[in-house]
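Report on one structure; see the data block that follows.
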Amino acid sequence: SQVGYMIAGVGIGTALSQAGAFAHVFNHILYKGLLFMTAGVVVYRTGEENLKKLGGLARQMPITAGAFTVAALSIAGFPGFNGFVSKGIVIAGSHYDFAKGPFYVGGLTTLEWLLYIGGVGTFMSFIKFGYYAFFHGEYEGTVEDANRGQAVAMVSIAALCVFYGLFDGALFALLPFDVTSKAVVSHVYHTYTREHIIEGVVLALAGLIGFALTKKPLSKLGRVPDIDRLTNPAVFYGTRGLVVSLTALYALGDRVTVSG
């Protein structure tokens with residue numbers, strides 16, 4: 001979904017939207033890296049990779065839980081965190097610079113609606129992770145928090161997620177287009193407007209409600225088949241077949257050319 005925001009920004013093609021795409025690439029490196037760090041520390045300390053066997057880790061791993069919370073709020077685009085800034089730029093581009101489309105409802109373009117839906121899904125996804133790993137139930141046994149090196153790395157990246165969220169000008173300075181200049185972008189972007197803040201809070205509430213409504217029904221599904229067991233071999237053998245076919249075609253063309 002995060003790459004989808006980047007593609008949307010590039011696809012719209014305006015200075016505003018492309019700046020948003022670059023901003024989101026930069027932010028994505030920070031918060032997604034931090035999410036992998038926190039997940040890695042959980043696996044490293046507990047030896048478990050199944051959320052169903054975890055729970056309540058925030059009590060024994062407060063640093064890791066805190067870093068995860070910052071990363072989750074950042075990737076979900078909650079106000080005060082860096083994802084809120086870059087997602088907002090892309091959404092602004094989809095509103096001002098994109099065609100209305102067949103689902104233009106409530107003054108929002110089709111792409112804008114899709115970006116909002118993706119945002120709600122992101123909130124639901126990381127509420128699930130945090131709920132089952134850190135806050136729900138109680139972990140059986142004793143587990144240590146992140147070691148000093150891990151803690152320093154996580155806290156440093158978490159601080160950057162907050163820094164670029166609160167001081168958006170520092171992020172703007174890194175972008176290829178000045179989103180604050182009327183001479184450069186079609187619509188000057190302001191991060192902390194009332195409408196934008198309300199938008200971020202509403203998406204968070206929608207994600208929280210969505211998780212609460214789907215948690216019990218989804219828990220009854222049992223084990224869901226892993227689609228990667230189908231897609232990974234298909235991509236591997238399909239790509240290999242394509243490469244072999246193109247190589248053979250090139251070799252045939254070469255032989256025909258030389259013999260002629």
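Residues are referred to by chain and number: the chain letter is A, B, ... according to the order shown in the structure tokens, the number counts from 1 in that chain, and ligands are numbered separately from 1 in the order shown.
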### Task
Excluding region 106-115 of chain A and any residue of its chain fewer than 5 positions from it, enumerate the residues within 12 Å of it, using only C-alpha atoms, and give them as a count of residues only.
32
Within 12 Å of region 206-221 of chain A, which residues of region 129-192 of chain A come that close, and what is the closest atom pair and distance in Å for each? Count only C-alpha atoms and give it as a Markdown table.
| residue | atom | partner | partner_atom | distance |
| --- | --- | --- | --- | --- |
| A:Phe129 | CA | A:Phe211 | CA | 11.0 |
| A:Gly130 | CA | A:Phe211 | CA | 11.7 |
| A:Tyr131 | CA | A:Phe211 | CA | 10.1 |
| A:Tyr132 | CA | A:Lys215 | CA | 10.8 |
### Task
For Ser156 (chain A), please output as a PyMOL selection string all residues within 12 Å (counting only C-alpha atoms; exclusion window: fewer than 6 positions along the same chain).
chain A and resi 30-31+33-34+37+63+67+70-71+149-150+162-163
### Task
Write out as JSON, numbers by chain each polymer residue whose atoms come within 10 Å of Ile197 (chain A), counting only C-alpha atoms; drop sequence neighbours fewer than 2 positions from it.
{"A": [78, 79, 80, 84, 88, 191, 192, 193, 194, 195, 199, 200, 201, 202]}
### Message
Using DSSP assignments from the backbone, pull out every residue in region 19-254 of chain A that falls under helix (DSSP H, G or I) and give it to me as number ranges by chain.
### Response
A: 19-46, 51-53, 57-59, 62-76, 82-96, 110-135, 148-166, 168-172, 194-219, 228-254
Which polymer residues have any atom within 12 Å of an atom of Phe135 (chain A), counting only C-alpha atoms, with same-chain residues fewer than 3 positions away left out, as a PDB file with all heavy atoms, in the first residue's frame?
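Final file, selection.pdb:
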ATOM      1  N   LEU A  51       2.090 -14.607  15.793  1.00  0.00           N
ATOM      2  CA  LEU A  51       1.436 -13.651  16.688  1.00  0.00           C
ATOM      3  C   LEU A  51       0.557 -14.341  17.730  1.00  0.00           C
ATOM      4  O   LEU A  51       0.383 -13.838  18.831  1.00  0.00           O
ATOM      5  CB  LEU A  51       0.583 -12.671  15.873  1.00  0.00           C
ATOM      6  CG  LEU A  51       1.311 -11.519  15.184  1.00  0.00           C
ATOM      7  CD1 LEU A  51       0.322 -10.706  14.361  1.00  0.00           C
ATOM      8  CD2 LEU A  51       2.019 -10.631  16.182  1.00  0.00           C
ATOM      9  N   LEU A  54       2.276 -14.919  20.986  1.00  0.00           N
ATOM     10  CA  LEU A  54       2.822 -13.752  21.669  1.00  0.00           C
ATOM     11  C   LEU A  54       1.711 -13.053  22.439  1.00  0.00           C
ATOM     12  O   LEU A  54       0.635 -13.582  22.617  1.00  0.00           O
ATOM     13  CB  LEU A  54       3.455 -12.798  20.656  1.00  0.00           C
ATOM     14  CG  LEU A  54       4.624 -13.368  19.832  1.00  0.00           C
ATOM     15  CD1 LEU A  54       5.044 -12.392  18.757  1.00  0.00           C
ATOM     16  CD2 LEU A  54       5.795 -13.717  20.745  1.00  0.00           C
ATOM     17  N   GLY A  55       1.980 -11.836  22.888  1.00  0.00           N
ATOM     18  CA  GLY A  55       0.964 -11.069  23.604  1.00  0.00           C
ATOM     19  C   GLY A  55       1.510 -10.470  24.891  1.00  0.00           C
ATOM     20  O   GLY A  55       2.314 -11.087  25.593  1.00  0.00           O
ATOM     21  N   GLY A  56       1.071  -9.238  25.181  1.00  0.00           N
ATOM     22  CA  GLY A  56       1.453  -8.595  26.421  1.00  0.00           C
ATOM     23  C   GLY A  56       2.921  -8.254  26.548  1.00  0.00           C
ATOM     24  O   GLY A  56       3.413  -8.028  27.658  1.00  0.00           O
ATOM     25  N   LEU A  57       3.640  -8.185  25.428  1.00  0.00           N
ATOM     26  CA  LEU A  57       5.078  -7.952  25.496  1.00  0.00           C
ATOM     27  C   LEU A  57       5.438  -6.531  25.908  1.00  0.00           C
ATOM     28  O   LEU A  57       6.580  -6.270  26.277  1.00  0.00           O
ATOM     29  CB  LEU A  57       5.728  -8.274  24.139  1.00  0.00           C
ATOM     30  CG  LEU A  57       5.769  -9.750  23.744  1.00  0.00           C
ATOM     31  CD1 LEU A  57       6.319  -9.898  22.337  1.00  0.00           C
ATOM     32  CD2 LEU A  57       6.613 -10.546  24.731  1.00  0.00           C
ATOM     33  N   ALA A  58       4.489  -5.614  25.819  1.00  0.00           N
ATOM     34  CA  ALA A  58       4.783  -4.225  26.169  1.00  0.00           C
ATOM     35  C   ALA A  58       5.239  -4.100  27.617  1.00  0.00           C
ATOM     36  O   ALA A  58       6.022  -3.204  27.942  1.00  0.00           O
ATOM     37  CB  ALA A  58       3.552  -3.349  25.930  1.00  0.00           C
ATOM     38  N   ARG A  59       4.782  -4.978  28.477  1.00  0.00           N
ATOM     39  CA  ARG A  59       5.160  -4.909  29.888  1.00  0.00           C
ATOM     40  C   ARG A  59       6.640  -5.225  30.081  1.00  0.00           C
ATOM     41  O   ARG A  59       7.305  -4.626  30.931  1.00  0.00           O
ATOM     42  CB  ARG A  59       4.317  -5.886  30.699  1.00  0.00           C
ATOM     43  CG  ARG A  59       2.813  -5.643  30.615  1.00  0.00           C
ATOM     44  CD  ARG A  59       2.060  -6.654  31.476  1.00  0.00           C
ATOM     45  NE  ARG A  59       0.624  -6.535  31.306  1.00  0.00           N
ATOM     46  CZ  ARG A  59      -0.081  -7.197  30.388  1.00  0.00           C
ATOM     47  NH1 ARG A  59       0.540  -8.041  29.572  1.00  0.00           N
ATOM     48  NH2 ARG A  59      -1.391  -7.032  30.281  1.00  0.00           N
ATOM     49  N   GLN A  60       7.147  -6.176  29.320  1.00  0.00           N
ATOM     50  CA  GLN A  60       8.536  -6.586  29.471  1.00  0.00           C
ATOM     51  C   GLN A  60       9.459  -5.972  28.420  1.00  0.00           C
ATOM     52  O   GLN A  60      10.679  -5.996  28.589  1.00  0.00           O
ATOM     53  CB  GLN A  60       8.634  -8.118  29.393  1.00  0.00           C
ATOM     54  CG  GLN A  60       7.816  -8.835  30.460  1.00  0.00           C
ATOM     55  CD  GLN A  60       7.991 -10.341  30.394  1.00  0.00           C
ATOM     56  OE1 GLN A  60       9.095 -10.845  30.593  1.00  0.00           O
ATOM     57  NE2 GLN A  60       6.917 -11.062  30.128  1.00  0.00           N
ATOM     58  N   MET A  61       8.874  -5.434  27.356  1.00  0.00           N
ATOM     59  CA  MET A  61       9.673  -4.837  26.271  1.00  0.00           C
ATOM     60  C   MET A  61       9.150  -3.438  25.950  1.00  0.00           C
ATOM     61  O   MET A  61       8.697  -3.167  24.836  1.00  0.00           O
ATOM     62  CB  MET A  61       9.616  -5.733  25.030  1.00  0.00           C
ATOM     63  CG  MET A  61      10.039  -7.164  25.246  1.00  0.00           C
ATOM     64  SD  MET A  61       9.941  -8.177  23.740  1.00  0.00           S
ATOM     65  CE  MET A  61      11.315  -7.509  22.786  1.00  0.00           C
ATOM     66  N   PRO A  62       9.203  -2.509  26.902  1.00  0.00           N
ATOM     67  CA  PRO A  62       8.630  -1.182  26.683  1.00  0.00           C
ATOM     68  C   PRO A  62       9.328  -0.377  25.593  1.00  0.00           C
ATOM     69  O   PRO A  62       8.678   0.390  24.871  1.00  0.00           O
ATOM     70  CB  PRO A  62       8.773  -0.510  28.049  1.00  0.00           C
ATOM     71  CG  PRO A  62       9.881  -1.244  28.730  1.00  0.00           C
ATOM     72  CD  PRO A  62       9.776  -2.649  28.264  1.00  0.00           C
ATOM     73  N   ALA A  65       8.165  -1.839  22.273  1.00  0.00           N
ATOM     74  CA  ALA A  65       6.754  -1.498  22.080  1.00  0.00           C
ATOM     75  C   ALA A  65       6.597  -0.018  21.727  1.00  0.00           C
ATOM     76  O   ALA A  65       5.797   0.345  20.867  1.00  0.00           O
ATOM     77  CB  ALA A  65       5.957  -1.830  23.338  1.00  0.00           C
ATOM     78  N   GLY A  66       7.370   0.838  22.394  1.00  0.00           N
ATOM     79  CA  GLY A  66       7.298   2.265  22.093  1.00  0.00           C
ATOM     80  C   GLY A  66       7.775   2.576  20.688  1.00  0.00           C
ATOM     81  O   GLY A  66       7.161   3.376  19.967  1.00  0.00           O
ATOM     82  N   PHE A  68       7.790   0.502  18.165  1.00  0.00           N
ATOM     83  CA  PHE A  68       6.781  -0.012  17.243  1.00  0.00           C
ATOM     84  C   PHE A  68       5.614   0.964  17.116  1.00  0.00           C
ATOM     85  O   PHE A  68       5.118   1.203  16.017  1.00  0.00           O
ATOM     86  CB  PHE A  68       6.250  -1.369  17.707  1.00  0.00           C
ATOM     87  CG  PHE A  68       4.982  -1.755  16.999  1.00  0.00           C
ATOM     88  CD1 PHE A  68       5.022  -2.291  15.729  1.00  0.00           C
ATOM     89  CD2 PHE A  68       3.735  -1.535  17.587  1.00  0.00           C
ATOM     90  CE1 PHE A  68       3.855  -2.610  15.048  1.00  0.00           C
ATOM     91  CE2 PHE A  68       2.571  -1.844  16.923  1.00  0.00           C
ATOM     92  CZ  PHE A  68       2.630  -2.392  15.645  1.00  0.00           C
ATOM     93  N   THR A  69       5.159   1.518  18.220  1.00  0.00           N
ATOM     94  CA  THR A  69       4.030   2.441  18.197  1.00  0.00           C
ATOM     95  C   THR A  69       4.332   3.657  17.339  1.00  0.00           C
ATOM     96  O   THR A  69       3.498   4.090  16.530  1.00  0.00           O
ATOM     97  CB  THR A  69       3.675   2.889  19.630  1.00  0.00           C
ATOM     98  OG1 THR A  69       3.363   1.729  20.418  1.00  0.00           O
ATOM     99  CG2 THR A  69       2.480   3.833  19.620  1.00  0.00           C
ATOM    100  N   ILE A 127      -2.682  -1.981  13.815  1.00  0.00           N
ATOM    101  CA  ILE A 127      -3.394  -2.162  15.074  1.00  0.00           C
ATOM    102  C   ILE A 127      -3.384  -3.650  15.435  1.00  0.00           C
ATOM    103  O   ILE A 127      -3.178  -4.021  16.594  1.00  0.00           O
ATOM    104  CB  ILE A 127      -4.840  -1.638  14.968  1.00  0.00           C
ATOM    105  CG1 ILE A 127      -4.843  -0.113  14.885  1.00  0.00           C
ATOM    106  CG2 ILE A 127      -5.669  -2.082  16.175  1.00  0.00           C
ATOM    107  CD1 ILE A 127      -6.203   0.482  14.578  1.00  0.00           C
ATOM    108  N   LYS A 128      -3.568  -4.493  14.434  1.00  0.00           N
ATOM    109  CA  LYS A 128      -3.540  -5.940  14.657  1.00  0.00           C
ATOM    110  C   LYS A 128      -2.177  -6.376  15.192  1.00  0.00           C
ATOM    111  O   LYS A 128      -2.096  -7.108  16.191  1.00  0.00           O
ATOM    112  CB  LYS A 128      -3.841  -6.665  13.341  1.00  0.00           C
ATOM    113  CG  LYS A 128      -3.625  -8.174  13.419  1.00  0.00           C
ATOM    114  CD  LYS A 128      -3.711  -8.816  12.054  1.00  0.00           C
ATOM    115  CE  LYS A 128      -3.339 -10.294  12.124  1.00  0.00           C
ATOM    116  NZ  LYS A 128      -3.367 -10.941  10.797  1.00  0.00           N
ATOM    117  N   PHE A 129      -1.120  -5.941  14.547  1.00  0.00           N
ATOM    118  CA  PHE A 129       0.226  -6.325  14.976  1.00  0.00           C
ATOM    119  C   PHE A 129       0.464  -5.895  16.423  1.00  0.00           C
ATOM    120  O   PHE A 129       0.887  -6.694  17.273  1.00  0.00           O
ATOM    121  CB  PHE A 129       1.259  -5.677  14.043  1.00  0.00           C
ATOM    122  CG  PHE A 129       2.680  -6.161  14.264  1.00  0.00           C
ATOM    123  CD1 PHE A 129       3.376  -6.799  13.249  1.00  0.00           C
ATOM    124  CD2 PHE A 129       3.325  -5.975  15.482  1.00  0.00           C
ATOM    125  CE1 PHE A 129       4.670  -7.237  13.443  1.00  0.00           C
ATOM    126  CE2 PHE A 129       4.625  -6.410  15.689  1.00  0.00           C
ATOM    127  CZ  PHE A 129       5.305  -7.041  14.665  1.00  0.00           C
ATOM    128  N   GLY A 130       0.223  -4.609  16.700  1.00  0.00           N
ATOM    129  CA  GLY A 130       0.480  -4.104  18.044  1.00  0.00           C
ATOM    130  C   GLY A 130      -0.395  -4.750  19.096  1.00  0.00           C
ATOM    131  O   GLY A 130       0.061  -5.050  20.211  1.00  0.00           O
ATOM    132  N   TYR A 131      -1.656  -4.973  18.749  1.00  0.00           N
ATOM    133  CA  TYR A 131      -2.603  -5.545  19.708  1.00  0.00           C
ATOM    134  C   TYR A 131      -2.173  -6.944  20.119  1.00  0.00           C
ATOM    135  O   TYR A 131      -2.084  -7.247  21.325  1.00  0.00           O
ATOM    136  CB  TYR A 131      -3.992  -5.571  19.073  1.00  0.00           C
ATOM    137  CG  TYR A 131      -5.059  -6.204  19.936  1.00  0.00           C
ATOM    138  CD1 TYR A 131      -5.627  -5.509  20.998  1.00  0.00           C
ATOM    139  CD2 TYR A 131      -5.524  -7.495  19.671  1.00  0.00           C
ATOM    140  CE1 TYR A 131      -6.614  -6.083  21.785  1.00  0.00           C
ATOM    141  CE2 TYR A 131      -6.511  -8.074  20.447  1.00  0.00           C
ATOM    142  CZ  TYR A 131      -7.052  -7.370  21.501  1.00  0.00           C
ATOM    143  OH  TYR A 131      -8.028  -7.946  22.277  1.00  0.00           O
ATOM    144  N   TYR A 132      -1.884  -7.790  19.145  1.00  0.00           N
ATOM    145  CA  TYR A 132      -1.585  -9.183  19.472  1.00  0.00           C
ATOM    146  C   TYR A 132      -0.159  -9.388  19.979  1.00  0.00           C
ATOM    147  O   TYR A 132       0.090 -10.315  20.758  1.00  0.00           O
ATOM    148  CB  TYR A 132      -1.827 -10.072  18.249  1.00  0.00           C
ATOM    149  CG  TYR A 132      -3.290 -10.295  17.974  1.00  0.00           C
ATOM    150  CD1 TYR A 132      -3.898  -9.757  16.843  1.00  0.00           C
ATOM    151  CD2 TYR A 132      -4.083 -11.025  18.850  1.00  0.00           C
ATOM    152  CE1 TYR A 132      -5.251  -9.949  16.594  1.00  0.00           C
ATOM    153  CE2 TYR A 132      -5.431 -11.222  18.616  1.00  0.00           C
ATOM    154  CZ  TYR A 132      -6.012 -10.685  17.477  1.00  0.00           C
ATOM    155  OH  TYR A 132      -7.345 -10.869  17.244  1.00  0.00           O
ATOM    156  N   GLU A 138      -1.121 -11.925  27.878  1.00  0.00           N
ATOM    157  CA  GLU A 138       0.113 -11.912  28.664  1.00  0.00           C
ATOM    158  C   GLU A 138       1.051 -12.971  28.133  1.00  0.00           C
ATOM    159  O   GLU A 138       0.644 -14.110  27.865  1.00  0.00           O
ATOM    160  CB  GLU A 138      -0.193 -12.176  30.144  1.00  0.00           C
ATOM    161  CG  GLU A 138       1.010 -12.019  31.055  1.00  0.00           C
ATOM    162  CD  GLU A 138       0.628 -12.117  32.521  1.00  0.00           C
ATOM    163  OE1 GLU A 138      -0.595 -12.121  32.808  1.00  0.00           O
ATOM    164  OE2 GLU A 138       1.534 -12.187  33.362  1.00  0.00           O
ATOM    165  N   TYR A 139       2.308 -12.601  27.951  1.00  0.00           N
ATOM    166  CA  TYR A 139       3.293 -13.544  27.433  1.00  0.00           C
ATOM    167  C   TYR A 139       3.706 -14.532  28.511  1.00  0.00           C
ATOM    168  O   TYR A 139       3.996 -14.150  29.651  1.00  0.00           O
ATOM    169  CB  TYR A 139       4.527 -12.785  26.926  1.00  0.00           C
ATOM    170  CG  TYR A 139       5.572 -13.678  26.306  1.00  0.00           C
ATOM    171  CD1 TYR A 139       5.340 -14.304  25.085  1.00  0.00           C
ATOM    172  CD2 TYR A 139       6.786 -13.909  26.949  1.00  0.00           C
ATOM    173  CE1 TYR A 139       6.298 -15.123  24.512  1.00  0.00           C
ATOM    174  CE2 TYR A 139       7.748 -14.729  26.387  1.00  0.00           C
ATOM    175  CZ  TYR A 139       7.485 -15.337  25.168  1.00  0.00           C
ATOM    176  OH  TYR A 139       8.431 -16.161  24.597  1.00  0.00           O
TER     177      TYR A 139
END
### Query
Looking at only C-alpha atoms, which of A:Asn232, A:Thr257, A:Ser245, A:Ser186 is the one that sits closest to Ala15 (chain A)?
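Of the candidates, the smallest distance to Ala15 (chain A) is held by A:Ser186.
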### Message
Report as a ChimeraX atom specification all protein, DNA and RNA residues lying within 12 Å of Ala173 (chain A), evaluated on only C-alpha atoms, omitting residues in the same chain fewer than 5 positions from it.
### Response
/A:19,22-23,164,167-168,178-180
### Query
Within 10 Å of region 41-43 of chain A, counting only C-alpha atoms, which residues qualify if same-chain residues fewer than 4 places away don't, as JSON, numbers by chain?
{"A": [35, 36, 37, 47, 48, 49, 50, 54, 57, 61, 64, 65, 133, 134, 143, 144, 145, 146, 147, 150, 151, 154]}
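If you measure from each of A:Ile75, A:Lys53, A:Ser259, A:Met124 to Val25 (chain A) using only C-alpha atoms, the closest one turns out to be A:Ile75.
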